[in-house]
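**Q** One structure, as structure tokens, below. Some questions next.
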Amino acid sequence: MTTTEVKQRLLTPGPTAVPQEVLNELAQPIIHHRTKQFQAIFGDLSAKLQKIFKTEGPVLSIAGSGTTAFEAAQICLAKPGSKVITCAGGKFGERWQDVYDVYAKFLNLEQIKINFDWGKAAPVDQIKKALDENPDVSVVTICHSDTSTATASDVQAIAALTQKTDALLIVDGITSVGAFECEMDAWGIDCLVTGSQKAMMLPPGLGYVGLGKRALARLDAIEHDLPAYNLDLRKWVKSHAKNDVPFTPPVALIRGQNVACDLILKDGLEAKIAETKKLAAASRAAFVAMGLTLASESPSDSVTGVYYPEGVVDGKFRGAVRDNHGVHIAGGQDGRGAKWKGKIFRISHMGYVDFEDTSVAFGAMEAELIAQGVAIEPGTAVKAFEAAYNNA
């Protein structure tokens, strides 16, 4: 069966599927960005992003990926000559450690790396101990949901610690914002970052940086030279106040994100979060019913990962799921803390994915696991998924 004969369903945890309404907007004629028309669109988008981030502060829209946005936050918010705490229990937490490894010599930073087992939540007690013992920490970085491990950490508890110190909390919300509960202002998150290609239902190309009062004050207090130009958040904040951007933006993506935000907020963000939660819980129930083991002890609602049964070949399995059923899922990833490539596979629940997409995916995954010799009673996966979803 060729891929043109069956509907393609994108259940990878980024990029995720994009709604037709957004695709239609992306196809509109390009407009110039130094116009009142663009500024009106940009101002409208910025207000909607505040609702999704749950903040009264500015949410900057930066051309680039979530990594671009997070790197900008790391550079600008760390005090020169201070310490930074970086928490890593997956590939993306390790990425933020790598960023500070690069910039440490420019900002004279000492990095305190808190590494923990993949598949487990960040150890709040260790973070507290590190903060207590190092009063000169200026930044703490944490992944709310590390996509590589499908694991969520207790950001609310960590924010409660940093709010009592001078340390700013920079949160990787790239697979949590718009997917599950993440209260920027209420929890005391100083800087919250996400990307357009996850729960925001847009192609890759935009990174978002939400800034709280303490983060804005830190930016205002900068007197040193930054090892950045495009990534200098002060430029973006200044332009944002005028419903503008300092450099040429991806105009079509800005317009598309405006439409996608309308879809997210149409029935209320809480309804979108509740639906994601139902899909995630039902998916975990279906995997367990198939006899598979979840990869995470603290599962994220945006993405679920499971270990392969013995004997299943990763590339062959995912290729068959894609080519025979039109369902695209993701494999595992390797990092310093663990090597999960070929050992797990992952499916997304965030953004533009629904009950039907996920039900079809479970039928496809079950069929191809059986084809590779896994003993599963046919129909088990879909039955378990639908029962858990309908009873949620």
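Chain labels follow the order of the structure tokens: the first chain is A, the next B, and so on; residue numbering restarts at 1 in every chain, and ligands are counted from 1 in their shown order.
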Neighbours of A:Ala274 within 12 Å (only C-alpha atoms; same-chain residues fewer than 6 positions away dropped), as a PDB file with N, CA and C atoms, in the first residue's frame?
**A**
```
ATOM      1  N   GLY A 178       0.000  24.864  26.318  1.00  0.00           N
ATOM      2  CA  GLY A 178      -1.112  24.541  25.439  1.00  0.00           C
ATOM      3  C   GLY A 178      -1.502  23.080  25.434  1.00  0.00           C
ATOM      4  N   ALA A 179      -0.722  22.248  26.150  1.00  0.00           N
ATOM      5  CA  ALA A 179      -1.007  20.810  26.187  1.00  0.00           C
ATOM      6  C   ALA A 179      -1.526  20.364  27.546  1.00  0.00           C
ATOM      7  N   PHE A 180      -0.868  20.807  28.605  1.00  0.00           N
ATOM      8  CA  PHE A 180      -1.380  20.511  29.943  1.00  0.00           C
ATOM      9  C   PHE A 180      -1.127  21.690  30.865  1.00  0.00           C
ATOM     10  N   GLU A 181      -1.597  21.591  32.090  1.00  0.00           N
ATOM     11  CA  GLU A 181      -1.604  22.730  32.998  1.00  0.00           C
ATOM     12  C   GLU A 181      -0.217  23.338  33.168  1.00  0.00           C
ATOM     13  N   ASP A 267     -12.934  26.944  22.429  1.00  0.00           N
ATOM     14  CA  ASP A 267     -13.743  26.323  23.480  1.00  0.00           C
ATOM     15  C   ASP A 267     -13.102  26.492  24.858  1.00  0.00           C
ATOM     16  N   GLY A 268     -12.058  27.318  24.906  1.00  0.00           N
ATOM     17  CA  GLY A 268     -11.356  27.536  26.165  1.00  0.00           C
ATOM     18  C   GLY A 268     -10.120  26.657  26.256  1.00  0.00           C
ATOM     19  N   ALA A 280      -4.120  11.121  26.510  1.00  0.00           N
ATOM     20  CA  ALA A 280      -2.903  10.577  27.116  1.00  0.00           C
ATOM     21  C   ALA A 280      -3.232   9.432  28.071  1.00  0.00           C
ATOM     22  N   ALA A 281      -4.210   9.629  28.932  1.00  0.00           N
ATOM     23  CA  ALA A 281      -4.577   8.594  29.899  1.00  0.00           C
ATOM     24  C   ALA A 281      -5.079   7.334  29.195  1.00  0.00           C
ATOM     25  N   ASP A 301       1.447  14.394  29.755  1.00  0.00           N
ATOM     26  CA  ASP A 301       0.200  14.241  29.008  1.00  0.00           C
ATOM     27  C   ASP A 301       0.355  14.633  27.537  1.00  0.00           C
ATOM     28  N   SER A 302       1.500  15.192  27.171  1.00  0.00           N
ATOM     29  CA  SER A 302       1.661  15.620  25.782  1.00  0.00           C
ATOM     30  C   SER A 302       2.221  14.527  24.888  1.00  0.00           C
ATOM     31  N   HIS A 349       0.048  13.487  21.880  1.00  0.00           N
ATOM     32  CA  HIS A 349      -1.363  13.735  22.184  1.00  0.00           C
ATOM     33  C   HIS A 349      -1.703  15.218  22.082  1.00  0.00           C
ATOM     34  N   MET A 350      -0.733  16.043  21.739  1.00  0.00           N
ATOM     35  CA  MET A 350      -0.926  17.495  21.801  1.00  0.00           C
ATOM     36  C   MET A 350      -1.273  18.078  20.442  1.00  0.00           C
ATOM     37  N   TYR A 389     -10.918   6.036  27.181  1.00  0.00           N
ATOM     38  CA  TYR A 389     -11.272   7.379  26.761  1.00  0.00           C
ATOM     39  C   TYR A 389     -12.727   7.697  27.122  1.00  0.00           C
ATOM     40  N   ALA A 392     -13.307   8.229  30.871  1.00  0.00           N
ATOM     41  CA  ALA A 392     -12.509   9.263  31.551  1.00  0.00           C
ATOM     42  C   ALA A 392     -13.411  10.398  32.052  1.00  0.00           C
TER      43      ALA A 392
END
```
**Q** Show me, as a list of chain:residue names, the residues that have an atom within 10 Å of A:Gln111 when counting only C-alpha atoms, minus same-chain residues fewer than 4 positions from it.
**A**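 The residues that qualify are A:Ser82, A:Lys83, A:Val84, A:Ile85, A:Thr86, A:Gln97, A:Tyr100, A:Asp101, A:Ala104, A:Val137, A:Val139, A:Val140.
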**Q** Can you pull out every residue from stretch 179-223 of chain A that DSSP, working from the backbone, puts in helix (DSSP H, G or I), and format the result as a ChimeraX atom specification?
**A** /A:184-187,213-220
**Q** Counting only C-alpha atoms, which of A:Leu192, A:Ala17, A:Ala271, A:Val171 gets nearest to A:Ile329?
**A** A:Ala17
**Q** Can you tell me how far atom CA of A:Ala384 sits from atom CA of A:Lys272, in Å to one decimal?
**A**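 Going from atom CA of A:Ala384 over to atom CA of A:Lys272 covers 22.3 Å.
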**Q** Find the residues near A:Ala282: any atom within 7 Å, counting only C-alpha atoms, skip ones fewer than 4 places away on the same chain, and give them as a list in words.
**A** Lys278, Ala286, Phe385, Ala388 and Tyr389 of chain A
**Q** Store the residues picked out above, limited to C-alpha atoms, as a compact mmCIF listing (two decimals), in the first residue's frame.
**A**
```txt
# COMPACT_ATOMS: atom_id res chain seq x y z
CA LYS A 278 -8.02 12.14 28.11
CA ALA A 286 -4.06 0.86 25.87
CA PHE A 385 -8.08 2.86 24.27
CA ALA A 388 -10.50 4.28 28.81
CA TYR A 389 -11.27 7.38 26.76
```
**Q** List the spatial neighbours of A:Asn324 as a ChimeraX atom specification - criterion: any atom at most 12 Å away, only C-alpha atoms, same-chain residues fewer than 5 positions off excluded.
**A** /A:1-9,316-319,360-361,363-365,367-368,371
**Q** Would you work out the distance separating atom CA of A:Val177 from atom CA of A:Leu269, expressed in Å to one decimal?
**A**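 Interatomic distance, atom CA of A:Val177 to atom CA of A:Leu269: 10.2 Å.
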**Q** Taking only C-alpha atoms into account, name the residue in A:Asn258, A:Ser65, A:Thr147, A:Gln74 that is nearest to A:Asp98.
**A**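 Checking each of A:Asn258, A:Ser65, A:Thr147, A:Gln74 against A:Asp98, counting only C-alpha atoms, the winner is A:Gln74.
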**Q** Given the choices A:Ala330, A:Leu161, A:Met201, A:Ile170, which gets closest to A:Cys261 if the distance is worked out from only C-alpha atoms?
**A** A:Met201
**Q** Excluding stretch 183-191 of chain A and any residue of its chain fewer than 5 positions from it, enumerate the residues within 7 Å of it, using only C-alpha atoms, and give them as a JSON list (two decimals) with N, CA and C atoms, in the first residue's frame.
**A**
```
[["chain", "number", "residue", "atom", "x", "y", "z"],
["A", 53, "PHE", "N", -0.29, 31.36, 27.70],
["A", 53, "PHE", "CA", 0.81, 31.28, 28.67],
["A", 53, "PHE", "C", 0.33, 31.55, 30.09],
["A", 54, "LYS", "N", -0.88, 32.05, 30.24],
["A", 54, "LYS", "CA", -1.44, 32.44, 31.54],
["A", 54, "LYS", "C", -0.54, 33.49, 32.21],
["A", 55, "THR", "N", -0.30, 34.58, 31.48],
["A", 55, "THR", "CA", 0.56, 35.63, 31.99],
["A", 55, "THR", "C", 0.07, 37.01, 31.58],
["A", 156, "GLN", "N", 5.70, 23.61, 39.33],
["A", 156, "GLN", "CA", 5.08, 24.46, 40.34],
["A", 156, "GLN", "C", 5.88, 24.42, 41.64],
["A", 159, "ALA", "N", 9.19, 26.28, 41.12],
["A", 159, "ALA", "CA", 8.97, 27.73, 41.10],
["A", 159, "ALA", "C", 8.78, 28.28, 42.51],
["A", 160, "ALA", "N", 8.15, 27.52, 43.37],
["A", 160, "ALA", "CA", 7.96, 27.95, 44.75],
["A", 160, "ALA", "C", 9.31, 28.13, 45.45],
["A", 163, "GLN", "N", 11.24, 31.38, 43.72],
["A", 163, "GLN", "CA", 10.63, 32.66, 44.06],
["A", 163, "GLN", "C", 11.15, 33.22, 45.39],
["A", 168, "LEU", "N", 16.26, 33.18, 38.79],
["A", 168, "LEU", "CA", 15.12, 33.16, 37.87],
["A", 168, "LEU", "C", 14.91, 31.75, 37.35],
["A", 169, "LEU", "N", 13.65, 31.33, 37.27],
["A", 169, "LEU", "CA", 13.33, 30.01, 36.74],
["A", 169, "LEU", "C", 12.97, 30.13, 35.26],
["A", 170, "ILE", "N", 13.79, 29.50, 34.42],
["A", 170, "ILE", "CA", 13.51, 29.44, 32.98],
["A", 170, "ILE", "C", 12.97, 28.05, 32.67],
["A", 171, "VAL", "N", 11.75, 27.97, 32.19],
["A", 171, "VAL", "CA", 11.07, 26.70, 31.98],
["A", 171, "VAL", "C", 10.94, 26.38, 30.50],
["A", 209, "VAL", "N", 8.86, 33.42, 23.95],
["A", 209, "VAL", "CA", 9.47, 33.65, 25.25],
["A", 209, "VAL", "C", 8.52, 34.51, 26.09],
["A", 210, "GLY", "N", 7.94, 33.93, 27.12],
["A", 210, "GLY", "CA", 7.12, 34.68, 28.05],
["A", 210, "GLY", "C", 7.99, 35.19, 29.19],
["A", 211, "LEU", "N", 7.85, 36.46, 29.53],
["A", 211, "LEU", "CA", 8.69, 37.08, 30.54],
["A", 211, "LEU", "C", 7.85, 37.64, 31.69],
["A", 212, "GLY", "N", 8.18, 37.21, 32.91],
["A", 212, "GLY", "CA", 7.54, 37.72, 34.10],
["A", 212, "GLY", "C", 8.23, 38.97, 34.60],
["A", 214, "ARG", "N", 10.08, 39.61, 37.25],
["A", 214, "ARG", "CA", 11.47, 39.49, 37.69],
["A", 214, "ARG", "C", 12.41, 39.36, 36.50],
["A", 215, "ALA", "N", 11.97, 38.66, 35.47],
["A", 215, "ALA", "CA", 12.80, 38.52, 34.27],
["A", 215, "ALA", "C", 12.95, 39.86, 33.54]]
```
**Q** For stretch 129-136 of chain A, find every residue with an atom within 9 Å (counting only C-alpha atoms), except residues of its own chain fewer than 2 positions away, and show them as a PyMOL selection string.
**A** chain A and resi 81-85+112+114+124-127+138+161-162+165-167
**Q** At a cut-off of 8 Å, using only C-alpha atoms, what residues contact A:Gly305? Leave out same-chain residues fewer than 4 positions from it and give the result as a list of chain:residue names.
**A**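 With the cut-off at 8 Å, the set is A:Thr149, A:Ala150, A:Leu294, A:Ala295, A:Ser296, A:Ile344, A:Phe345, A:Arg346, A:Ile347.
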